[in-house]
>>> print(open('query.cif').read())   # mmCIF, C-alpha atoms and all ligand atoms
data_final
loop_
_atom_site.label_atom_id
_atom_site.label_comp_id
_atom_site.auth_asym_id
_atom_site.auth_seq_id
_atom_site.Cartn_x
_atom_site.Cartn_y
_atom_site.Cartn_z
CA MET A 15 138.92 134.70 91.92
CA ASN A 16 141.12 137.68 91.30
CA LEU A 17 140.02 140.97 92.76
CA GLU A 18 141.48 144.38 92.95
CA ASN A 19 139.94 146.54 95.65
CA GLU A 20 140.65 147.83 99.09
CA LEU A 21 138.85 144.88 100.72
CA ALA A 22 140.79 142.22 98.92
CA PRO A 23 143.88 143.46 97.15
CA GLU A 24 145.12 140.99 94.51
CA VAL A 25 143.71 137.86 96.08
CA SER A 26 142.81 134.47 94.70
CA THR A 27 140.53 131.72 96.01
CA MET A 28 143.66 129.79 96.93
CA ARG A 29 147.31 129.76 95.99
CA TRP A 30 150.39 127.72 96.73
CA ILE A 31 153.20 129.64 98.39
CA GLY A 32 156.79 128.46 97.84
CA GLY A 33 158.20 125.16 96.60
CA THR A 34 157.55 121.57 97.71
CA ASP A 35 158.10 122.62 101.33
CA GLY A 36 155.60 125.48 100.89
CA HIS A 37 152.01 125.83 101.98
CA LEU A 38 148.49 126.58 100.74
CA LYS A 39 146.87 129.95 101.35
CA MET A 40 143.12 130.26 100.86
CA ILE A 41 140.26 132.67 101.51
CA ASP A 42 138.16 131.58 104.49
CA GLN A 43 134.79 131.74 102.72
CA THR A 44 132.81 131.16 105.91
CA LEU A 45 133.65 134.74 106.96
CA LEU A 46 132.54 136.50 103.78
CA PRO A 47 131.11 139.01 103.08
CA THR A 48 131.69 140.83 106.38
CA GLU A 49 135.28 139.79 106.88
CA PHE A 50 138.01 139.03 104.37
CA ARG A 51 140.63 136.74 105.84
CA GLU A 52 143.03 134.22 104.34
CA ILE A 53 144.15 131.11 106.17
CA ASP A 54 147.44 129.26 105.82
CA CYS A 55 147.30 125.47 105.51
CA HIS A 56 150.60 123.90 106.52
CA ASP A 57 149.32 120.33 106.81
CA VAL A 58 146.75 118.03 105.24
CA GLU A 59 144.59 118.09 108.38
CA THR A 60 144.01 121.84 107.97
CA VAL A 61 143.01 121.33 104.32
CA TRP A 62 140.61 118.54 105.34
CA GLU A 63 139.03 120.78 107.94
CA ALA A 64 138.78 123.68 105.46
CA ILE A 65 136.93 121.46 102.96
CA LYS A 66 134.64 119.94 105.62
CA LYS A 67 133.73 123.32 107.15
CA LEU A 68 133.28 125.00 103.73
CA ARG A 69 136.11 127.46 104.23
CA VAL A 70 136.88 126.35 100.67
CA ARG A 71 133.85 125.12 98.77
CA GLY A 72 132.41 124.67 95.30
CA ALA A 73 133.24 121.54 93.33
CA PRO A 74 136.28 122.67 91.30
CA ALA A 75 137.83 124.54 94.26
CA ILE A 76 137.45 121.47 96.48
CA GLY A 77 139.32 119.39 93.86
CA ILE A 78 142.17 121.89 93.65
CA ALA A 79 142.43 122.16 97.45
CA ALA A 80 142.53 118.36 97.76
CA ALA A 81 145.35 118.15 95.21
CA TYR A 82 147.41 120.62 97.24
CA GLY A 83 146.39 118.70 100.38
CA VAL A 84 148.11 115.62 98.97
CA VAL A 85 151.31 117.61 98.45
CA LEU A 86 151.17 118.83 102.06
CA GLY A 87 150.45 115.34 103.34
CA LEU A 88 153.59 114.01 101.65
CA GLN A 89 155.99 116.69 102.85
CA LEU A 90 157.39 114.46 105.58
CA GLY A 91 157.53 111.33 103.46
CA THR A 92 160.18 112.16 100.88
CA GLY A 93 163.06 110.74 102.93
CA SER A 94 161.32 107.38 103.38
CA GLU A 95 161.43 104.15 101.34
CA ARG A 96 159.41 104.29 98.13
CA ILE A 97 156.98 101.73 99.44
CA ASP A 98 156.31 103.93 102.48
CA PHE A 99 155.86 107.02 100.26
CA ASN A 100 153.27 105.13 98.19
CA GLN A 101 151.56 103.94 101.36
CA ARG A 102 151.45 107.50 102.71
CA LEU A 103 150.00 108.75 99.39
CA THR A 104 147.18 106.20 99.67
CA GLU A 105 146.51 107.17 103.30
CA VAL A 106 146.46 110.90 102.56
CA SER A 107 144.14 110.44 99.55
CA THR A 108 141.77 108.20 101.50
CA TYR A 109 141.69 110.73 104.31
CA LEU A 110 140.92 113.67 101.99
CA ALA A 111 138.29 111.62 100.13
CA GLU A 112 136.36 111.38 103.40
CA SER A 113 135.97 115.16 103.76
CA ARG A 114 132.89 115.62 101.52
CA PRO A 115 131.12 112.99 99.37
CA THR A 116 129.19 114.71 96.57
CA ALA A 117 131.49 116.89 94.45
CA VAL A 118 133.23 114.46 92.14
CA ASN A 119 136.03 116.95 91.38
CA LEU A 120 137.53 115.97 94.74
CA PHE A 121 137.84 112.31 93.75
CA TRP A 122 138.82 113.23 90.19
CA ALA A 123 141.79 115.28 91.46
CA LEU A 124 142.88 112.62 93.95
CA ASP A 125 142.68 109.92 91.24
CA ARG A 126 144.68 112.08 88.87
CA LEU A 127 147.53 112.43 91.38
CA GLY A 128 147.31 108.73 92.30
CA GLN A 129 147.56 107.69 88.63
CA LEU A 130 150.50 110.01 88.08
CA ALA A 131 152.38 108.47 91.01
CA ALA A 132 151.51 104.93 89.92
CA ASN A 133 152.92 105.65 86.46
CA SER A 134 156.11 107.30 87.75
CA GLN A 135 157.61 104.68 90.05
CA GLN A 136 161.07 105.29 88.55
CA LEU A 137 161.26 108.74 90.18
CA THR A 138 162.80 109.30 93.60
CA ASN A 139 160.41 110.33 96.36
CA SER A 140 161.59 113.95 96.18
CA GLU A 141 161.18 114.00 92.41
CA MET A 142 157.73 112.45 92.76
CA HIS A 143 156.74 115.01 95.35
CA ALA A 144 157.81 117.83 93.01
CA ARG A 145 155.82 116.24 90.17
CA LEU A 146 152.73 116.06 92.38
CA LEU A 147 153.04 119.76 93.18
CA GLU A 148 153.39 120.54 89.46
CA GLU A 149 150.29 118.48 88.76
CA ALA A 150 148.28 120.28 91.45
CA GLN A 151 149.34 123.60 89.93
CA LEU A 152 148.40 122.31 86.48
CA ILE A 153 144.93 121.32 87.74
CA GLU A 154 144.53 124.86 89.07
CA ARG A 155 145.63 126.45 85.77
CA GLU A 156 143.50 124.12 83.66
CA ASP A 157 140.48 124.99 85.79
CA LEU A 158 140.97 128.67 85.04
CA GLU A 159 141.11 127.94 81.30
CA MET A 160 137.99 125.73 81.49
CA CYS A 161 136.11 128.52 83.27
CA GLN A 162 137.03 130.99 80.53
CA LYS A 163 135.72 128.64 77.83
CA ILE A 164 132.55 127.92 79.80
CA GLY A 165 131.98 131.67 79.96
CA GLU A 166 132.30 131.99 76.19
CA VAL A 167 130.03 129.01 75.42
CA GLY A 168 127.41 130.16 77.93
CA ALA A 169 127.37 133.87 77.11
CA ALA A 170 126.20 133.03 73.58
CA LEU A 171 122.96 131.70 75.11
CA LEU A 172 122.03 135.01 76.73
CA SER A 173 120.48 138.06 75.09
CA LYS A 174 120.86 141.74 75.80
CA GLY A 175 118.87 142.80 78.85
CA ASP A 176 118.14 139.25 80.10
CA GLY A 177 117.28 138.64 83.73
CA VAL A 178 119.13 135.52 84.86
CA LEU A 179 118.67 133.51 88.04
CA THR A 180 121.36 131.52 89.80
CA HIS A 181 121.41 129.36 92.91
CA CYS A 182 124.27 128.92 95.39
CA ASN A 183 127.71 130.15 94.33
CA ALA A 184 129.31 128.87 91.15
CA GLY A 185 131.65 131.83 90.90
CA GLY A 186 135.33 132.57 91.10
CA LEU A 187 135.30 131.57 94.76
CA ALA A 188 134.13 128.06 93.79
CA THR A 189 136.90 127.58 91.23
CA SER A 190 140.48 128.65 90.64
CA GLY A 191 139.17 132.06 89.68
CA GLY A 192 136.77 132.29 86.76
CA GLY A 193 133.66 130.54 87.99
CA THR A 194 131.25 128.39 85.96
CA ALA A 195 127.71 129.83 86.09
CA LEU A 196 129.12 133.22 87.03
CA ALA A 197 131.71 132.98 84.24
CA VAL A 198 128.75 132.99 81.87
CA PHE A 199 127.46 136.20 83.47
CA PHE A 200 130.91 137.81 83.59
CA GLU A 201 131.44 137.12 79.89
CA ALA A 202 127.92 138.25 78.90
CA ALA A 203 128.47 141.50 80.81
CA ARG A 204 131.88 141.94 79.18
CA GLN A 205 130.19 141.58 75.80
CA GLY A 206 127.84 144.43 76.74
CA LYS A 207 124.73 142.28 77.10
CA ALA A 208 123.60 144.25 80.18
CA ILE A 209 122.19 141.27 82.06
CA HIS A 210 120.63 141.51 85.51
CA VAL A 211 121.34 138.65 87.92
CA TYR A 212 118.88 137.39 90.54
CA ALA A 213 120.71 135.45 93.25
CA ASP A 214 118.84 132.96 95.44
CA GLU A 215 120.09 133.36 98.99
CA THR A 216 120.57 129.55 99.23
CA ARG A 217 119.49 128.24 102.60
CA PRO A 218 120.86 127.09 104.93
CA LEU A 219 124.43 128.35 104.47
CA LEU A 220 123.60 131.35 102.27
CA GLN A 221 126.27 130.92 99.61
CA GLY A 222 124.09 132.98 97.25
CA ALA A 223 123.56 135.85 99.67
CA ARG A 224 127.07 135.88 101.10
CA LEU A 225 129.25 134.96 98.13
CA THR A 226 127.44 135.31 94.78
CA THR A 227 126.14 138.82 95.42
CA TRP A 228 129.56 139.80 96.80
CA GLU A 229 131.36 138.59 93.68
CA LEU A 230 128.90 140.24 91.31
CA MET A 231 129.05 143.53 93.20
CA GLN A 232 132.86 143.42 93.07
CA ARG A 233 132.53 143.20 89.28
CA GLU A 234 129.80 145.83 89.16
CA ILE A 235 127.28 143.46 87.58
CA PRO A 236 123.71 144.37 88.57
CA VAL A 237 122.42 141.81 91.08
CA THR A 238 119.26 141.46 93.16
CA LEU A 239 119.16 139.13 96.15
CA ILE A 240 116.00 137.08 96.69
CA CYS A 241 114.99 134.44 99.24
CA ASP A 242 114.86 130.92 97.78
CA SER A 243 111.09 130.85 98.16
CA MET A 244 110.69 133.88 95.86
CA ALA A 245 112.08 132.24 92.71
CA GLY A 246 108.70 131.08 91.36
CA TRP A 247 107.07 134.46 91.82
CA VAL A 248 109.97 136.31 90.21
CA MET A 249 109.63 133.96 87.22
CA GLN A 250 105.91 134.58 87.00
CA GLU A 251 106.62 138.29 86.99
CA GLU A 252 108.71 137.64 83.84
CA LYS A 253 111.88 138.97 85.40
CA ILE A 254 113.85 135.83 84.51
CA GLN A 255 114.75 134.78 80.95
CA ALA A 256 117.27 132.04 81.85
CA VAL A 257 118.56 130.10 84.85
CA VAL A 258 122.22 129.09 85.09
CA THR A 259 123.67 127.12 88.02
CA GLY A 260 126.79 125.05 88.62
CA ALA A 261 126.96 121.34 89.49
CA ASP A 262 128.81 119.08 91.89
CA ARG A 263 128.48 115.82 90.00
CA ILE A 264 126.85 115.00 86.67
CA ALA A 265 125.98 111.42 85.76
CA ALA A 266 126.44 109.99 82.25
CA ASN A 267 122.78 110.66 81.38
CA GLY A 268 123.08 114.33 82.38
CA ASP A 269 121.29 114.13 85.76
CA ALA A 270 123.06 116.81 87.80
CA ALA A 271 123.65 117.16 91.54
CA ASN A 272 123.94 120.71 92.79
CA LYS A 273 123.19 122.68 95.94
CA ILE A 274 119.91 121.77 97.65
CA GLY A 275 117.13 123.81 96.10
CA THR A 276 118.40 123.56 92.54
CA TYR A 277 115.85 120.86 91.68
CA SER A 278 112.99 123.11 92.79
CA VAL A 279 114.37 125.95 90.69
CA ALA A 280 114.60 123.64 87.65
CA LEU A 281 110.98 122.54 88.08
CA LEU A 282 109.85 126.15 88.39
CA ALA A 283 111.82 127.08 85.27
CA SER A 284 110.25 124.19 83.36
CA LEU A 285 106.73 125.25 84.42
CA HIS A 286 107.41 128.82 83.27
CA ASP A 287 109.08 127.75 79.98
CA ILE A 288 112.37 129.32 81.03
CA PRO A 289 115.60 127.61 79.86
CA PHE A 290 117.50 125.99 82.72
CA TYR A 291 121.25 125.54 82.13
CA ILE A 292 123.98 123.87 84.16
CA ALA A 293 127.52 125.22 83.68
CA ALA A 294 130.27 122.79 84.63
CA PRO A 295 133.74 121.64 83.52
CA SER A 296 134.37 118.10 82.30
CA SER A 297 135.96 117.33 85.69
CA THR A 298 132.45 117.50 87.22
CA PHE A 299 131.14 114.58 85.13
CA ASP A 300 131.12 111.10 86.63
CA LEU A 301 130.67 108.83 83.65
CA SER A 302 130.90 105.75 85.90
CA LEU A 303 127.37 106.57 87.06
CA GLU A 304 124.56 105.85 84.63
CA SER A 305 122.09 108.16 86.33
CA GLY A 306 121.75 110.66 89.16
CA THR A 307 120.13 108.13 91.49
CA GLN A 308 123.65 106.78 92.17
CA ILE A 309 125.12 110.15 93.24
CA PRO A 310 125.96 110.20 96.97
CA ILE A 311 124.25 113.12 98.70
CA GLU A 312 126.00 114.72 101.65
CA GLU A 313 123.95 115.22 104.80
CA ARG A 314 125.15 117.97 107.09
CA LEU A 315 124.62 118.90 110.72
CA ALA A 316 121.17 119.85 112.05
CA GLU A 317 122.69 123.00 113.61
CA GLU A 318 123.14 124.52 110.15
CA VAL A 319 119.33 124.64 109.93
CA THR A 320 118.41 125.32 113.56
CA HIS A 321 121.24 127.69 114.52
CA GLY A 322 122.21 129.45 111.30
CA PHE A 323 125.08 131.85 111.88
CA GLY A 324 124.85 131.59 115.65
CA LYS A 325 121.16 132.41 116.13
CA GLN A 326 118.73 129.73 117.25
CA THR A 327 115.72 129.73 114.89
CA ALA A 328 113.98 126.45 115.79
CA PRO A 329 112.95 124.75 119.03
CA GLU A 330 115.63 122.85 120.91
CA GLY A 331 115.67 119.17 119.92
CA VAL A 332 113.52 119.47 116.76
CA GLU A 333 114.16 116.72 114.21
CA VAL A 334 115.99 118.06 111.14
CA TYR A 335 116.81 116.67 107.70
CA ASN A 336 119.68 118.57 106.04
CA PRO A 337 120.74 117.17 102.65
CA ALA A 338 123.31 119.57 101.16
CA PHE A 339 122.54 118.70 97.53
CA ASP A 340 119.75 117.49 95.28
CA VAL A 341 119.71 115.95 91.82
CA THR A 342 117.97 117.59 88.88
CA PRO A 343 116.88 114.98 86.32
CA ALA A 344 118.26 115.58 82.82
CA LYS A 345 114.75 116.08 81.41
CA TYR A 346 114.53 119.42 83.22
CA ILE A 347 117.95 120.64 82.01
CA THR A 348 117.84 122.58 78.75
CA GLY A 349 121.58 122.32 78.20
CA ILE A 350 124.89 121.74 79.98
CA ILE A 351 127.53 124.36 79.29
CA THR A 352 131.02 122.82 79.30
CA GLU A 353 134.46 123.94 78.15
CA ARG A 354 134.04 121.55 75.23
CA GLY A 355 130.77 123.03 74.07
CA LEU A 356 127.06 122.90 74.84
CA ILE A 357 125.41 119.56 75.60
CA GLN A 358 121.91 119.88 74.18
CA PRO A 359 119.73 117.87 74.24
CA VAL A 360 120.85 116.42 77.56
CA THR A 361 121.08 112.71 76.77
CA THR A 362 123.75 110.07 77.43
CA ALA A 363 124.70 110.06 73.75
CA GLU A 364 125.14 113.82 73.64
CA VAL A 365 127.07 113.88 76.95
CA LEU A 366 129.51 111.30 75.59
CA ARG A 367 129.77 113.01 72.20
CA VAL A 368 130.59 116.46 73.56
CA LEU A 369 132.94 115.22 76.28
CA SER A 370 134.93 113.11 73.84
CA SER A 371 135.27 115.97 71.34
CA ASP A 372 138.59 117.79 71.05
CA PRO A 373 138.81 120.95 73.10
CA ASP A 374 139.41 124.00 70.86
O1 LIG B 1 128.22 123.21 99.57
P1 LIG B 1 128.94 124.00 98.53
O2 LIG B 1 128.98 125.46 98.81
O3 LIG B 1 130.32 123.42 98.24
O4 LIG B 1 128.07 123.78 97.21
C1 LIG B 1 128.52 124.36 96.02
C2 LIG B 1 127.60 124.18 94.88
O5 LIG B 1 126.60 123.53 94.96
C3 LIG B 1 128.03 124.78 93.57
O6 LIG B 1 126.93 125.19 92.82
C4 LIG B 1 128.82 123.74 92.76
O7 LIG B 1 129.84 123.18 93.54
C5 LIG B 1 129.40 124.30 91.52
S1 LIG B 1 130.74 125.41 91.82
C6 LIG B 1 131.39 125.87 90.33
#
>>> encode(input="query.cif", output="structure tokens")
Amino acid sequence: MNLENELAPEVSTMRWIGGTDGHLKMIDQTLLPTEFREIDCHDVETVWEAIKKLRVRGAPAIGIAAAYGVVLGLQLGTGSERIDFNQRLTEVSTYLAESRPTAVNLFWALDRLGQLAANSQQLTNSEMHARLLEEAQLIEREDLEMCQKIGEVGAALLSKGDGVLTHCNAGGLATSGGGTALAVFFEAARQGKAIHVYADETRPLLQGARLTTWELMQREIPVTLICDSMAGWVMQEEKIQAVVTGADRIAANGDAANKIGTYSVALLASLHDIPFYIAAPSSTFDLSLESGTQIPIEERLAEEVTHGFGKQTAPEGVEVYNPAFDVTPAKYITGIITERGLIQPVTTAEVLRVLSSDPD
């Protein structure tokens, strides 16, 4: 995201500094909103740790960080034999792929760099390294463009004065800068639609409370924070006219994995006849999976639930289940907002039709 204020002058979610021997600078999102600090990643291990610990998070941002992680991981390999460079590329990609399992953008970005290298064996190692950096930068730029288009497609679905609910953070911080679900809100606000956003706090790591409200307040978009358990009541009070969330992986039939709690929100929206939209770029679709039952769901540490932000809130030794994502079946999704247009109804045929259409 790009911000201009005293807290964060001219910053972006992440950016590459220098040439092929440069490094990756990123906002440490675990510290927001009370502290704004950027970290410098000079090696692939630091990028891996940043992804694992959610210093950088959100599906598109994880993909971009991984692409730059590959470039960092190959910095020492350019003087080696080509066969060793290729071997190192495979090792670095395999290593990064083990950081988090659900967001497909991570694997999509790694595959894209791997394919590029496989198709460019005539280049020297240094030339190949430079090409990989260019590709990582291209992925970052393309993401920004996709977010802008998602905003335009999605804003058309909202009306003046709408209350809109979102879950987790699908904002600029989760992408190269524009956001997906939040891009829809940013664009609607820019068009003068005077929307009011309700942000679920998003237990256990509070991406909604810490990041989504922060981003919206930076942009002066009216936002009200609610606990996750309040969503149903707020809907019954007719404060919500649409729900828009992001996604981490969408199967060919439109089943969508997103932050844990999204499924409950979708069911509540369905019961209250409120449209439930997912906003996601084409890089979040995994067409190799027929349905959402095949999406791998990350399980995270029990401490995130029992000791949130350093305070113990459950008895020592209690058994905990902590899936980080859930899957919303396509039948509860009114439409999927992509940079190529709106997928509605959400069926395999419509997913394939919209994704294979030419981008404007
Ligand atoms: O665990 P996180 O914070 O990486 O989860 C993020 C989400 O679930 C987002 O909604 C999703 O990645 C879409 S971001 C545009």
>>> residues_around(input="query.cif", residues="Thr104 of chain A", least_positions_apart="4", cutoff="8 Å", atoms="all atoms listed in the file", output="list in words")
Asn100, Thr108 and Gly128 of chain A
>>> closest_residue(input="query.cif", among="A:Gln135, A:Thr27, A:Thr189, A:Gln101", to="ligand LIG 1 (chain B)", atoms="only C-alpha atoms and all ligand atoms")
A:Thr189
>>> atom_distance(input="query.cif", atom1="atom CA of Ala270 of chain A", atom2="atom CA of Arg29 of chain A")
28.7 Å
>>> closest_residue(input="query.cif", among="A:Ser370, A:Thr194, A:Thr362, A:Gln43", to="Glu166 of chain A", atoms="only C-alpha atoms")
A:Thr194
>>> residues_around(input="query.cif", residues="Leu356 of chain A", least_positions_apart="2", cutoff="12 Å", atoms="only C-alpha atoms", output="PyMOL selection string")
chain A and resi 163-171+291-296+347-354+358-361+364-369+371
>>> atom_distance(input="query.cif", atom1="atom CA of Glu52 of chain A", atom2="atom CA of Met40 of chain A")
5.3 Å
